[in-house]
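Note sheet for the following structure.
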Amino acid sequence: ARGGRPVGKLVLYIADADEQFQLIGKKRPLPVRSWSTVKDIKDVLSQRLDVQICKQRLFYRGRELRNQHSLQDCGIYQNGETLTLSVRPNTLHNLNFYLETYGTFKCPKSLSRAIIQSKRAMHKGLTPSLAMDGAGGTYFIPNSMGKYVACFKPRDEEPFTINNPRGQAWSGVTSSDQEELTMRKGIRPGDAYIREVAAYILDTRSFTGVPETTLVECENAKFCYNDKRPVPKLGSFQAFVPNVGVVEDFGLSKFTPKQVHKLAMFDIRVLNGDRNGANILVRENCRSNGDRLDLVPIDHGFCLSEVLNIGWCDWCWLDWPQLKEPMDQEILDYIDRVVDPIADAAL
């Protein structure tokens, strides 16, 4: 060994060849042996990225590397050298796709990973799946293994918008009346997506557990384009939450007063106009405090309305027995010390 490093061991870096189409994200280290071949490196990348070797193209200083060549043949002798990776598209599929964050919203790290994973999947030909329920377009986005990692809600596929895959419910309405169409008073068609992001931001310190959400532009032929001309769509991109069902599938005795109070406090805070039993996911956990199930609130497109119009039926928890119990001190402290209405309004 020399300097504590085994003889023949190198640490190279792998980066995306095309910054406009990233499959790796930030530059990543890759330990190799000095006698490794380009094929050996592609084998490792195939396992890590789930990209076939025949689809990979590796470059060093602008020159493509051949599989049979060793690193020494390619003039790579030192630590810290960077190889760039390009991936050939799968020509068996229509690969009209695009996915990038949008605007100045800070993208959570977990969602940055999900975006990279989604790009790899679409490059392989895997496509988003339209959710079976809902009044607009919600798409489950897979990773390269086919496992869902995110949900995408395009702005132009919301209820009463032009590309709603559920159909144009307003097709028989005169143009003068179309401006009045809405699923909730005070929320215009095409404005729900930004409220999904706002709800995540307002869940300060993720106290209630709203899944990570950001804004993206995404294009895929599986989305609804009534003019048959795919273009990037603006919408909300939210982490997919594996779950065992929704709250209406379980007896209310399964949930603690603290869990329900957190949910109620959040809905009141963001004036959520659509908290029903189908948009509270139930997730199993492994904590030792006895709470086997978590409540995960989703679908916040009808919060923060421009009109205060909350009915008794808009909050499904309103008559739950947990509301008769005293509020936990942790929630009271959160309201008193963490929630800042002035800072929230500035957002």
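Residues in the structure tokens are numbered from 1 in each chain, the chains being A, B, ... in the order shown, and ligands are numbered from 1 in the order shown.
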Please build the interface table for region 47-150 of chain A against region 158-168 of chain A with a cut-off of 8 Å, listing for each qualifying residue the nearest atom pair and the distance in Å to one decimal; count only C-alpha atoms, order rows by chain and increasing number, and write it as JSON lines.
```
{"residue": "A:Ala135", "atom": "CA", "partner": "A:Pro159", "partner_atom": "CA", "distance": 5.9}
{"residue": "A:Gly136", "atom": "CA", "partner": "A:Glu158", "partner_atom": "CA", "distance": 4.6}
{"residue": "A:Gly137", "atom": "CA", "partner": "A:Pro165", "partner_atom": "CA", "distance": 6.0}
```
Could you write out that same residue set with N, CA and C atoms as a PDB file, in the first residue's frame?
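Printed below is out_1.pdb as written:
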```pdb
ATOM      1  N   ALA A 135     -60.602  13.843 -10.020  1.00  0.00           N
ATOM      2  CA  ALA A 135     -61.355  14.632 -10.989  1.00  0.00           C
ATOM      3  C   ALA A 135     -60.468  15.219 -12.076  1.00  0.00           C
ATOM      4  N   GLY A 136     -59.155  15.062 -11.936  1.00  0.00           N
ATOM      5  CA  GLY A 136     -58.214  15.584 -12.919  1.00  0.00           C
ATOM      6  C   GLY A 136     -57.117  14.580 -13.187  1.00  0.00           C
ATOM      7  N   GLY A 137     -56.035  15.047 -13.770  1.00  0.00           N
ATOM      8  CA  GLY A 137     -54.923  14.171 -14.105  1.00  0.00           C
ATOM      9  C   GLY A 137     -53.901  14.086 -12.990  1.00  0.00           C
TER      10      GLY A 137
END
```
May I have all residues of region 190-255 of chain A that DSSP, computed from the backbone, assigns to alpha helix (DSSP H), given as a short mmCIF file (atom, residue, chain, number, x, y, z; two decimals) with N, CA, C and O atoms, in the first residue's frame?
```cif
data_model
loop_
_atom_site.label_atom_id
_atom_site.label_comp_id
_atom_site.auth_asym_id
_atom_site.auth_seq_id
_atom_site.Cartn_x
_atom_site.Cartn_y
_atom_site.Cartn_z
N ALA A 192 -54.65 24.85 -8.67
CA ALA A 192 -54.53 23.90 -7.56
C ALA A 192 -53.09 23.41 -7.39
O ALA A 192 -52.64 23.14 -6.27
N TYR A 193 -52.35 23.29 -8.49
CA TYR A 193 -51.00 22.72 -8.42
C TYR A 193 -50.08 23.50 -7.50
O TYR A 193 -49.29 22.93 -6.75
N ILE A 194 -50.17 24.83 -7.55
CA ILE A 194 -49.28 25.67 -6.73
C ILE A 194 -49.65 25.55 -5.25
O ILE A 194 -48.80 25.71 -4.37
N ARG A 195 -50.93 25.24 -4.97
CA ARG A 195 -51.35 25.07 -3.58
C ARG A 195 -50.81 23.77 -2.99
O ARG A 195 -50.62 23.67 -1.78
N GLU A 196 -50.57 22.77 -3.84
CA GLU A 196 -49.92 21.54 -3.37
C GLU A 196 -48.53 21.86 -2.81
O GLU A 196 -48.12 21.34 -1.76
N VAL A 197 -47.80 22.72 -3.51
CA VAL A 197 -46.46 23.10 -3.07
C VAL A 197 -46.55 23.97 -1.82
O VAL A 197 -45.78 23.81 -0.87
N ALA A 198 -47.51 24.89 -1.82
CA ALA A 198 -47.66 25.79 -0.66
C ALA A 198 -47.96 25.01 0.61
O ALA A 198 -47.45 25.33 1.70
N ALA A 199 -48.78 23.97 0.50
CA ALA A 199 -49.12 23.17 1.68
C ALA A 199 -47.87 22.50 2.26
O ALA A 199 -47.70 22.45 3.49
N TYR A 200 -46.99 22.00 1.38
CA TYR A 200 -45.76 21.39 1.87
C TYR A 200 -44.88 22.43 2.57
O TYR A 200 -44.32 22.17 3.65
N ILE A 201 -44.76 23.60 1.97
CA ILE A 201 -43.92 24.64 2.56
C ILE A 201 -44.47 25.09 3.91
O ILE A 201 -43.72 25.32 4.87
N LEU A 202 -45.80 25.19 4.03
CA LEU A 202 -46.41 25.64 5.27
C LEU A 202 -46.41 24.58 6.37
O LEU A 202 -46.67 24.90 7.53
#
```
_Would you pick out the contacts of Glu19 (chain A) at 12 Å or less, using only C-alpha atoms, so that residues sharing its chain but fewer than 3 positions from it are not included, and give the list as an MDAnalysis selection string?_
chainID A and resid 15:16 22:27 84:86 100
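Near Phe302 (chain A), within 10 Å and counting only C-alpha atoms, sit Met183, Arg184, Lys185, Gly186, Ile187, Arg188, Asp191, Ala192, Tyr193, Arg195, Glu196, Ala199, Val270, Leu271, Asn272, Gly273, Asp274 and Arg275 of chain A, not including residues fewer than 6 positions from it in the same chain.
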Take the residues that were just selected and, keeping N, CA and C atoms, output them as a PDB file, in the first residue's frame.
```pdb
ATOM      1  N   MET A 183     -64.052  23.858  -9.067  1.00  0.00           N
ATOM      2  CA  MET A 183     -64.416  22.789  -8.142  1.00  0.00           C
ATOM      3  C   MET A 183     -64.623  23.331  -6.730  1.00  0.00           C
ATOM      4  N   ARG A 184     -63.960  24.441  -6.420  1.00  0.00           N
ATOM      5  CA  ARG A 184     -64.086  25.089  -5.116  1.00  0.00           C
ATOM      6  C   ARG A 184     -64.126  26.599  -5.314  1.00  0.00           C
ATOM      7  N   LYS A 185     -65.033  27.256  -4.651  1.00  0.00           N
ATOM      8  CA  LYS A 185     -65.140  28.699  -4.767  1.00  0.00           C
ATOM      9  C   LYS A 185     -63.855  29.350  -4.258  1.00  0.00           C
ATOM     10  N   GLY A 186     -63.338  30.279  -5.047  1.00  0.00           N
ATOM     11  CA  GLY A 186     -62.113  30.958  -4.649  1.00  0.00           C
ATOM     12  C   GLY A 186     -60.847  30.316  -5.154  1.00  0.00           C
ATOM     13  N   ILE A 187     -60.957  29.213  -5.919  1.00  0.00           N
ATOM     14  CA  ILE A 187     -59.785  28.534  -6.502  1.00  0.00           C
ATOM     15  C   ILE A 187     -60.073  28.321  -7.981  1.00  0.00           C
ATOM     16  N   ARG A 188     -59.382  29.061  -8.814  1.00  0.00           N
ATOM     17  CA  ARG A 188     -59.616  28.991 -10.258  1.00  0.00           C
ATOM     18  C   ARG A 188     -59.032  27.708 -10.849  1.00  0.00           C
ATOM     19  N   ASP A 191     -55.112  26.457 -10.831  1.00  0.00           N
ATOM     20  CA  ASP A 191     -54.395  27.058  -9.704  1.00  0.00           C
ATOM     21  C   ASP A 191     -54.182  26.088  -8.544  1.00  0.00           C
ATOM     22  N   ALA A 192     -54.647  24.852  -8.673  1.00  0.00           N
ATOM     23  CA  ALA A 192     -54.525  23.903  -7.560  1.00  0.00           C
ATOM     24  C   ALA A 192     -53.092  23.412  -7.391  1.00  0.00           C
ATOM     25  N   TYR A 193     -52.350  23.292  -8.487  1.00  0.00           N
ATOM     26  CA  TYR A 193     -51.000  22.716  -8.424  1.00  0.00           C
ATOM     27  C   TYR A 193     -50.084  23.504  -7.504  1.00  0.00           C
ATOM     28  N   ARG A 195     -50.926  25.238  -4.972  1.00  0.00           N
ATOM     29  CA  ARG A 195     -51.350  25.067  -3.580  1.00  0.00           C
ATOM     30  C   ARG A 195     -50.808  23.769  -2.993  1.00  0.00           C
ATOM     31  N   GLU A 196     -50.565  22.775  -3.839  1.00  0.00           N
ATOM     32  CA  GLU A 196     -49.925  21.541  -3.365  1.00  0.00           C
ATOM     33  C   GLU A 196     -48.527  21.862  -2.814  1.00  0.00           C
ATOM     34  N   ALA A 199     -48.781  23.969   0.501  1.00  0.00           N
ATOM     35  CA  ALA A 199     -49.119  23.167   1.680  1.00  0.00           C
ATOM     36  C   ALA A 199     -47.875  22.504   2.260  1.00  0.00           C
ATOM     37  N   VAL A 270     -54.240  25.973   6.986  1.00  0.00           N
ATOM     38  CA  VAL A 270     -54.172  26.254   5.543  1.00  0.00           C
ATOM     39  C   VAL A 270     -55.562  26.381   4.916  1.00  0.00           C
ATOM     40  N   LEU A 271     -56.605  26.393   5.742  1.00  0.00           N
ATOM     41  CA  LEU A 271     -57.981  26.495   5.245  1.00  0.00           C
ATOM     42  C   LEU A 271     -58.251  25.451   4.167  1.00  0.00           C
ATOM     43  N   ASN A 272     -57.965  24.221   4.501  1.00  0.00           N
ATOM     44  CA  ASN A 272     -58.145  23.127   3.543  1.00  0.00           C
ATOM     45  C   ASN A 272     -59.631  22.896   3.289  1.00  0.00           C
ATOM     46  N   GLY A 273     -60.047  23.024   2.030  1.00  0.00           N
ATOM     47  CA  GLY A 273     -61.452  22.852   1.689  1.00  0.00           C
ATOM     48  C   GLY A 273     -61.810  21.462   1.209  1.00  0.00           C
ATOM     49  N   ASP A 274     -60.910  20.500   1.392  1.00  0.00           N
ATOM     50  CA  ASP A 274     -61.202  19.154   0.876  1.00  0.00           C
ATOM     51  C   ASP A 274     -60.454  18.098   1.673  1.00  0.00           C
ATOM     52  N   ARG A 275     -60.761  17.991   2.952  1.00  0.00           N
ATOM     53  CA  ARG A 275     -60.175  16.916   3.753  1.00  0.00           C
ATOM     54  C   ARG A 275     -61.212  15.825   3.922  1.00  0.00           C
TER      55      ARG A 275
END
```
*Secondary structure check, strand (DSSP E or B) residues of region 86-301 of chain A, as a ChimeraX atom specification*: /A:86-87,97-101,129-130,139-142,148-154,184,187,213-220,233-239,245-246,275,280-284,293-297
*Looking at only C-alpha atoms, which of A:Val339, A:Leu30, A:Leu83, A:Leu281 is the one that sits closest to Arg205 (chain A)?*
A:Val339
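Atom pair CA of Lys42 (chain A) / CA of Tyr60 (chain A) has a distance of 13.8 Å (rounded to one decimal).
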*At what distance in Å, to one decimal, does CA of Val32 (chain A) lie from CA of Leu65 (chain A)?*
15.6 Å
Residues near region 325-338 of chain A, cut-off 12 Å, only C-alpha atoms, skip fewer than 5 positions along chain, as a compact mmCIF listing (two decimals) with C-alpha atoms, in the first residue's frame:
```txt
# COMPACT_ATOMS: atom_id res chain seq x y z
CA LEU A 202 -46.41 25.64 5.27
CA ASP A 203 -46.01 22.29 7.02
CA THR A 204 -43.11 23.78 8.94
CA ARG A 205 -40.52 21.21 10.03
CA SER A 206 -42.74 18.54 8.39
CA PHE A 207 -44.71 18.46 11.62
CA THR A 208 -47.87 17.03 10.03
CA THR A 256 -54.29 8.47 18.54
CA PRO A 257 -55.68 11.88 19.52
CA LYS A 258 -52.27 13.42 18.86
CA GLN A 259 -52.25 12.16 15.26
CA VAL A 260 -55.73 13.52 14.60
CA HIS A 261 -55.01 16.84 16.33
CA LYS A 262 -51.95 17.38 14.14
CA LEU A 263 -54.06 16.84 11.06
CA ALA A 264 -56.86 19.11 12.27
CA MET A 265 -54.44 21.86 13.25
CA PHE A 266 -52.86 21.81 9.79
CA ILE A 268 -57.36 24.83 9.94
CA ARG A 269 -54.07 26.60 9.35
CA TRP A 320 -64.09 12.07 15.28
CA ALA A 343 -43.65 34.75 7.93
CA ASP A 344 -46.21 32.42 6.33
```
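CA of Gly190 (chain A) to CA of Phe152 (chain A) spans 13.9 Å [interatomic distance, one decimal].
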Contact table region 237-269 of chain A vs region 145-148 of chain A, cut-off 9 Å, shortest pair per residue, only C-alpha atoms, as JSON lines:
```
{"residue": "A:Phe240", "atom": "CA", "partner": "A:Tyr148", "partner_atom": "CA", "distance": 6.5}
{"residue": "A:Val241", "atom": "CA", "partner": "A:Tyr148", "partner_atom": "CA", "distance": 8.8}
{"residue": "A:Pro242", "atom": "CA", "partner": "A:Tyr148", "partner_atom": "CA", "distance": 8.6}
```
Convert the current residue selection to file output with C-alpha atoms, as a PDB file, in the first residue's frame.
```pdb
ATOM      1  CA  PHE A 240     -44.939   8.863  -3.604  1.00  0.00           C
ATOM      2  CA  VAL A 241     -45.912   7.446  -0.202  1.00  0.00           C
ATOM      3  CA  PRO A 242     -46.152   3.637   0.072  1.00  0.00           C
TER       4      PRO A 242
END
```
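Using only C-alpha atoms for every distance, the candidate list A:Leu10, A:Leu99, A:Leu323, A:Leu49 yields A:Leu10 as the residue closest to Arg33 (chain A).
The shortest atom-to-atom distance to Lys124 (chain A), with only C-alpha atoms taken into account, belongs to A:Pro142 out of A:Pro321, A:Gly209, A:Pro142, A:Pro230.
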